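As provided, my_file_30.cif (mmCIF, C-alpha atoms) reads as follows.
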data_model
loop_
_atom_site.group_PDB
_atom_site.id
_atom_site.type_symbol
_atom_site.label_atom_id
_atom_site.label_comp_id
_atom_site.auth_asym_id
_atom_site.auth_seq_id
_atom_site.Cartn_x
_atom_site.Cartn_y
_atom_site.Cartn_z
ATOM 1 C CA VAL A 1 77.929 83.104 86.218
ATOM 2 C CA LEU A 2 79.839 86.390 86.438
ATOM 3 C CA LYS A 3 77.040 87.898 88.498
ATOM 4 C CA ILE A 4 77.229 85.007 90.962
ATOM 5 C CA ILE A 5 81.005 85.380 91.246
ATOM 6 C CA VAL A 6 80.639 89.105 91.965
ATOM 7 C CA ILE A 7 78.008 88.414 94.626
ATOM 8 C CA VAL A 8 80.225 85.812 96.275
ATOM 9 C CA ILE A 9 83.208 88.176 96.267
ATOM 10 C CA LEU A 10 81.126 90.990 97.750
ATOM 11 C CA ALA A 11 79.723 88.645 100.396
ATOM 12 C CA VAL A 12 83.215 87.496 101.374
ATOM 13 C CA MET A 13 84.442 91.101 101.529
ATOM 14 C CA PHE A 14 81.471 92.029 103.713
ATOM 15 C CA LEU A 15 82.119 89.153 106.090
ATOM 16 C CA LEU A 16 85.796 90.074 106.297
ATOM 17 C CA ALA A 17 84.906 93.686 107.056
ATOM 18 C CA VAL A 18 82.497 92.602 109.787
ATOM 19 C CA ALA A 19 85.107 90.265 111.273
ATOM 20 C CA ALA A 20 87.757 93.018 111.161
ATOM 21 C CA ALA A 21 85.437 95.464 112.890
ATOM 22 C CA TYR A 22 84.530 92.886 115.531
ATOM 23 C CA PHE A 23 88.120 92.024 116.431
ATOM 24 C CA THR A 24 89.206 95.679 116.277
ATOM 25 C CA ILE A 25 86.534 96.694 118.776
ATOM 26 C CA LYS A 26 87.223 93.703 120.995
ATOM 27 C CA GLY A 27 90.977 94.326 120.855
ATOM 28 C CA TYR A 28 90.575 98.012 121.628
ATOM 29 C CA LYS A 29 88.477 97.190 124.671
ATOM 30 C CA MET A 30 91.169 94.757 125.842
ATOM 31 C CA TYR A 31 93.835 97.437 125.376
ATOM 32 C CA SER A 32 91.766 100.133 127.088
ATOM 33 C CA GLY A 33 91.089 97.913 130.080
ATOM 34 C CA ALA A 34 94.754 97.007 130.451
ATOM 35 C CA VAL A 35 96.110 100.570 130.362
ATOM 36 C CA ALA A 36 93.286 101.827 132.585
ATOM 37 C CA GLU A 37 94.407 99.370 135.259
ATOM 38 C CA THR A 38 98.108 100.170 134.799
ATOM 39 C CA PRO A 39 98.868 103.294 132.722
ATOM 40 C CA ILE A 40 101.764 103.013 130.279
ATOM 41 C CA ALA A 41 103.781 105.697 132.088
ATOM 42 C CA GLN A 42 103.456 103.743 135.322
ATOM 43 C CA LYS A 43 104.503 100.521 133.620
ATOM 44 C CA VAL A 44 107.569 102.231 132.139
ATOM 45 C CA GLU A 45 108.631 103.603 135.509
ATOM 46 C CA GLU A 46 108.217 100.159 137.093
ATOM 47 C CA ILE A 47 110.621 98.709 134.534
ATOM 48 C CA ARG A 48 113.112 101.549 134.886
ATOM 49 C CA SER A 49 113.135 101.180 138.652
ATOM 50 C CA MET A 50 114.244 97.549 138.384
ATOM 51 C CA GLU A 51 117.585 96.713 139.953
ATOM 52 C CA HIS A 52 120.396 96.664 137.372
ATOM 53 C CA PHE A 53 118.306 98.409 134.726
ATOM 54 C CA THR A 54 120.515 98.794 131.641
ATOM 55 C CA CYS A 55 120.402 102.127 129.787
ATOM 56 C CA PHE A 56 120.386 102.321 126.005
ATOM 57 C CA GLU A 57 123.504 104.509 126.044
ATOM 58 C CA GLU A 58 125.429 101.689 127.706
ATOM 59 C CA LEU A 59 124.470 99.069 125.140
ATOM 60 C CA PRO A 60 127.133 98.464 122.477
ATOM 61 C CA GLU A 61 126.028 99.345 118.975
ATOM 62 C CA ILE A 62 126.891 95.819 117.857
ATOM 63 C CA TYR A 63 124.378 94.419 120.348
ATOM 64 C CA VAL A 64 121.630 96.833 119.276
ATOM 65 C CA ASP A 65 122.221 96.053 115.599
ATOM 66 C CA ALA A 66 122.133 92.316 116.246
ATOM 67 C CA VAL A 67 118.872 92.366 118.193
ATOM 68 C CA VAL A 68 117.144 94.649 115.682
ATOM 69 C CA SER A 69 118.365 92.506 112.789
ATOM 70 C CA VAL A 70 116.918 89.369 114.393
ATOM 71 C CA GLU A 71 113.746 90.667 115.999
ATOM 72 C CA ASP A 72 112.538 93.652 113.981
ATOM 73 C CA LYS A 73 114.503 94.808 110.930
ATOM 74 C CA ARG A 74 112.323 97.895 110.400
ATOM 75 C CA PHE A 75 112.343 98.915 114.078
ATOM 76 C CA TRP A 76 113.770 102.388 113.451
ATOM 77 C CA LYS A 77 111.298 103.121 110.628
ATOM 78 C CA HIS A 78 107.829 101.998 111.759
ATOM 79 C CA ASP A 79 105.503 103.616 114.304
ATOM 80 C CA GLY A 80 105.065 100.555 116.486
ATOM 81 C CA VAL A 81 103.269 98.313 114.002
ATOM 82 C CA ASP A 82 104.969 97.019 110.852
ATOM 83 C CA PHE A 83 102.168 96.416 108.373
ATOM 84 C CA LEU A 84 104.550 94.959 105.782
ATOM 85 C CA ALA A 85 105.725 92.369 108.308
ATOM 86 C CA ILE A 86 102.132 91.585 109.249
ATOM 87 C CA CYS A 87 101.150 91.023 105.608
ATOM 88 C CA ARG A 88 104.201 88.811 105.097
ATOM 89 C CA ALA A 89 103.375 86.816 108.235
ATOM 90 C CA VAL A 90 99.712 86.428 107.264
ATOM 91 C CA TRP A 91 100.698 85.162 103.818
ATOM 92 C CA LYS A 92 103.126 82.648 105.309
ATOM 93 C CA ASP A 93 100.542 81.475 107.833
ATOM 94 C CA ILE A 94 97.993 80.968 105.037
ATOM 95 C CA THR A 95 100.395 79.127 102.752
ATOM 96 C CA THR A 96 101.655 76.891 105.575
ATOM 97 C CA LEU A 97 98.212 76.459 107.166
ATOM 98 C CA SER A 98 99.624 77.466 110.530
ATOM 99 C CA PHE A 99 99.743 80.385 112.960
ATOM 100 C CA ALA A 100 103.503 80.283 113.351
ATOM 101 C CA GLU A 101 104.301 83.903 112.499
ATOM 102 C CA GLY A 102 102.680 87.004 113.896
ATOM 103 C CA GLY A 103 104.717 89.854 112.437
ATOM 104 C CA SER A 104 105.088 91.520 115.837
ATOM 105 C CA THR A 105 107.550 94.373 116.207
ATOM 106 C CA ILE A 106 109.852 94.882 119.180
ATOM 107 C CA THR A 107 107.341 97.429 120.490
ATOM 108 C CA GLN A 108 104.457 94.977 120.169
ATOM 109 C CA GLN A 109 106.442 92.219 121.862
ATOM 110 C CA LEU A 110 107.243 94.554 124.740
ATOM 111 C CA MET A 111 103.613 95.540 125.256
ATOM 112 C CA LYS A 112 102.372 91.968 124.857
ATOM 113 C CA ASN A 113 104.753 90.769 127.550
ATOM 114 C CA GLN A 114 103.836 93.593 129.913
ATOM 115 C CA TYR A 115 100.065 93.639 129.478
ATOM 116 C CA PHE A 116 98.698 90.562 127.755
ATOM 117 C CA THR A 117 98.942 86.796 127.580
ATOM 118 C CA GLN A 118 100.818 84.686 125.042
ATOM 119 C CA GLU A 119 97.579 83.303 123.587
ATOM 120 C CA LYS A 120 97.448 83.453 119.804
ATOM 121 C CA LYS A 121 94.126 85.268 119.503
ATOM 122 C CA LEU A 122 93.282 88.013 117.015
ATOM 123 C CA GLU A 123 91.847 90.329 119.643
ATOM 124 C CA ARG A 124 95.076 90.075 121.637
ATOM 125 C CA LYS A 125 97.076 90.951 118.516
ATOM 126 C CA VAL A 126 94.875 93.995 117.973
ATOM 127 C CA ALA A 127 95.226 94.999 121.630
ATOM 128 C CA GLU A 128 99.019 94.820 121.501
ATOM 129 C CA ALA A 129 98.984 96.881 118.294
ATOM 130 C CA PHE A 130 96.985 99.649 119.975
ATOM 131 C CA ALA A 131 99.338 99.500 122.961
ATOM 132 C CA ALA A 132 102.410 99.649 120.718
ATOM 133 C CA LEU A 133 101.099 102.692 118.851
ATOM 134 C CA ALA A 134 100.364 104.421 122.149
ATOM 135 C CA LEU A 135 103.847 103.687 123.496
ATOM 136 C CA GLU A 136 105.556 104.977 120.350
ATOM 137 C CA LYS A 137 103.681 108.282 120.636
ATOM 138 C CA GLU A 138 105.146 108.975 124.069
ATOM 139 C CA TYR A 139 108.608 107.385 124.027
ATOM 140 C CA SER A 140 111.618 107.359 121.739
ATOM 141 C CA LYS A 141 112.940 104.306 119.926
ATOM 142 C CA GLU A 142 115.900 104.251 122.302
ATOM 143 C CA ASP A 143 113.548 104.235 125.304
ATOM 144 C CA ILE A 144 111.538 101.382 123.826
ATOM 145 C CA PHE A 145 114.603 99.328 122.973
ATOM 146 C CA GLU A 146 116.044 99.570 126.474
ATOM 147 C CA LEU A 147 112.673 98.644 127.993
ATOM 148 C CA TYR A 148 112.554 95.630 125.694
ATOM 149 C CA VAL A 149 116.012 94.229 126.428
ATOM 150 C CA ASN A 150 115.550 94.762 130.164
ATOM 151 C CA THR A 151 112.411 92.628 130.264
ATOM 152 C CA ILE A 152 112.623 90.073 127.451
ATOM 153 C CA TYR A 153 112.958 86.403 128.369
ATOM 154 C CA PHE A 154 116.317 85.066 127.205
ATOM 155 C CA GLY A 155 115.742 81.464 128.237
ATOM 156 C CA SER A 156 117.023 79.282 131.083
ATOM 157 C CA GLY A 157 115.023 81.351 133.586
ATOM 158 C CA TYR A 158 116.734 84.673 132.792
ATOM 159 C CA TYR A 159 114.817 87.892 132.153
ATOM 160 C CA GLY A 160 116.575 91.009 130.885
ATOM 161 C CA ILE A 161 120.043 91.635 129.532
ATOM 162 C CA TYR A 162 121.665 91.949 132.965
ATOM 163 C CA ASP A 163 120.651 88.464 134.134
ATOM 164 C CA ASP A 164 121.394 87.069 130.697
ATOM 165 C CA SER A 165 124.924 88.455 130.689
ATOM 166 C CA ILE A 166 126.057 87.304 134.146
ATOM 167 C CA ASN A 167 124.293 84.011 134.737
ATOM 168 C CA TYR A 168 125.545 81.678 132.037
ATOM 169 C CA ASP A 169 127.861 79.017 133.368
ATOM 170 C CA GLY A 170 131.459 80.113 133.036
ATOM 171 C CA LEU A 171 130.616 83.659 131.950
ATOM 172 C CA LYS A 172 130.150 85.914 134.985
ATOM 173 C CA ILE A 173 130.415 89.364 133.466
ATOM 174 C CA ARG A 174 128.929 92.539 134.932
ATOM 175 C CA SER A 175 130.929 95.194 133.127
ATOM 176 C CA GLY A 176 133.670 93.948 130.868
ATOM 177 C CA ILE A 177 134.529 92.447 127.516
ATOM 178 C CA TYR A 178 132.927 89.657 125.535
ATOM 179 C CA ASP A 179 135.145 88.111 122.917
ATOM 180 C CA GLU A 180 133.624 85.926 120.217
ATOM 181 C CA ARG A 181 134.472 82.611 121.889
ATOM 182 C CA GLU A 182 132.990 83.717 125.206
ATOM 183 C CA LEU A 183 129.967 85.098 123.421
ATOM 184 C CA GLU A 184 129.404 81.904 121.466
ATOM 185 C CA LYS A 185 129.649 79.840 124.647
ATOM 186 C CA ALA A 186 127.114 82.038 126.405
ATOM 187 C CA LEU A 187 124.698 82.322 123.507
ATOM 188 C CA SER A 188 124.635 78.621 122.663
ATOM 189 C CA ILE A 189 122.166 78.126 125.509
ATOM 190 C CA ASN A 190 118.972 79.019 123.671
ATOM 191 C CA LYS A 191 117.523 79.512 120.207
ATOM 192 C CA ARG A 192 116.920 83.258 120.467
ATOM 193 C CA ALA A 193 120.520 83.863 121.472
ATOM 194 C CA ASP A 194 121.775 81.573 118.714
ATOM 195 C CA LEU A 195 119.999 83.785 116.204
ATOM 196 C CA VAL A 196 121.580 86.880 117.689
ATOM 197 C CA LEU A 197 124.980 85.187 117.551
ATOM 198 C CA LYS A 198 124.749 84.832 113.791
ATOM 199 C CA HIS A 199 124.631 88.596 113.522
ATOM 200 C CA TYR A 200 127.462 89.124 115.983
ATOM 201 C CA LYS A 201 129.640 86.963 113.767
ATOM 202 C CA ARG A 202 129.480 89.626 111.073
ATOM 203 C CA TYR A 203 131.841 91.627 113.211
ATOM 204 C CA ASN A 204 135.386 90.862 114.291
ATOM 205 C CA SER A 205 135.564 93.417 117.067
ATOM 206 C CA LYS A 206 134.960 92.821 120.766
ATOM 207 C CA MET A 207 132.121 94.431 122.664
ATOM 208 C CA ALA A 208 131.723 95.819 126.156
ATOM 209 C CA ILE A 209 128.508 95.994 128.152
ATOM 210 C CA GLY A 210 128.044 98.444 131.023
ATOM 211 C CA PHE A 211 125.083 98.886 133.317
ATOM 212 C CA CYS A 212 123.303 101.902 134.756
ATOM 213 C CA THR A 213 124.180 102.522 138.362
ATOM 214 C CA SER A 214 121.222 104.749 139.064
#

As structure tokens, how would this structure be written, given the file I've shared?
Amino acid sequence: VLKIIVIVILAVMFLLAVAAAYFTIKGYKMYSGAVAETPIAQKVEEIRSMEHFTCFEELPEIYVDAVVSVEDKRFWKHDGVDFLAICRAVWKDITTLSFAEGGSTITQQLMKNQYFTQEKKLERKVAEAFAALALEKEYSKEDIFELYVNTIYFGSGYYGIYDDSINYDGLKIRSGIYDERELEKALSINKRADLVLKHYKRYNSKMAIGFCTS
């Protein structure tokens, strides 16, 4: 009986290794094809050349802390891929029999949105991981964060922090002060912003947002 159990375990491990190799190769090919068509440096410059691009230096620390706390708690520590978050997400997906969590970092989300589709496929996850690692080798965390907040979808048809900050009904702010009531009104629009709001509420101070003029 023990011999049979060992054989079964070895067979499962072999199949898992084969599957991992298959999706790694397939994902790498997807990544290579994407960056060959549009190199990462070119993609970064396209984002930075957007009208109203917001620099990291002009983002309030309270905003940065809130986004990192919600989206990627280990953002400043990992190299683009958070293996602890991936393991946690895989375990939750297995125990809930779903594919609800992916464990993607801010860097992975950025590269997924710029290069790949939203399909929940393993090869796409591998491709975004390769892309994230490549981006982190060439750019600082501050660079990556500003690229992320300038392109992320905030809901209600708004992409990037500039559109998100000036287009909510009753809150037309380009460079000024958010107080907590104004912030709560603006962020009540969508789920992602509601999550960020919870972290803003840890603070009692006001925050100002400025935008690059270059």

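Between atom CA of A:Asp82 and atom CA of A:Thr105 the interatomic distance comes to 6.5 Å.
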
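Between atom CA of A:Phe23 and atom CA of A:Ala36 there is a distance of 19.6 Å.
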
Problem set entry | Output check: residues returned by the PyMOL selection byres ((chain A and resi 151) around 9), as a ChimeraX atom specification | /A:47,110,113-114,146-150,152-153,159-161

Mind working out the centre and edge lengths of an axis-aligned box for stretch 13-18 of chain A, all listed atoms inside, 3 Å added to each side, rounded to one decimal in Å and written as AutoDock Vina command-line options?
--center_x 83.6 --center_y 91.4 --center_z 105.7 --size_x 10.3 --size_y 10.5 --size_z 14.3

Exercise. Could you work out how far atom CA of A:Lys26 lies from atom CA of A:Glu138, giving the answer in Å with one decimal?
Worked result: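 Atom-to-atom, atom CA of A:Glu138 to atom CA of A:Lys26, that is 23.7 Å.
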
Exercise. What residues come out when you apply the PyMOL selection byres ((chain A and resi 24) around 12) to this file, written as a list in words?
Worked result: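 Applying the expression gives Leu16, Ala17, Val18, Ala19, Ala20, Ala21, Tyr22, Phe23, Ile25, Lys26, Gly27, Tyr28, Lys29, Met30, Tyr31, Ser32, Lys121, Leu122, Glu123, Arg124, Lys125, Val126, Ala127, Glu128, Ala129 and Phe130 of chain A.
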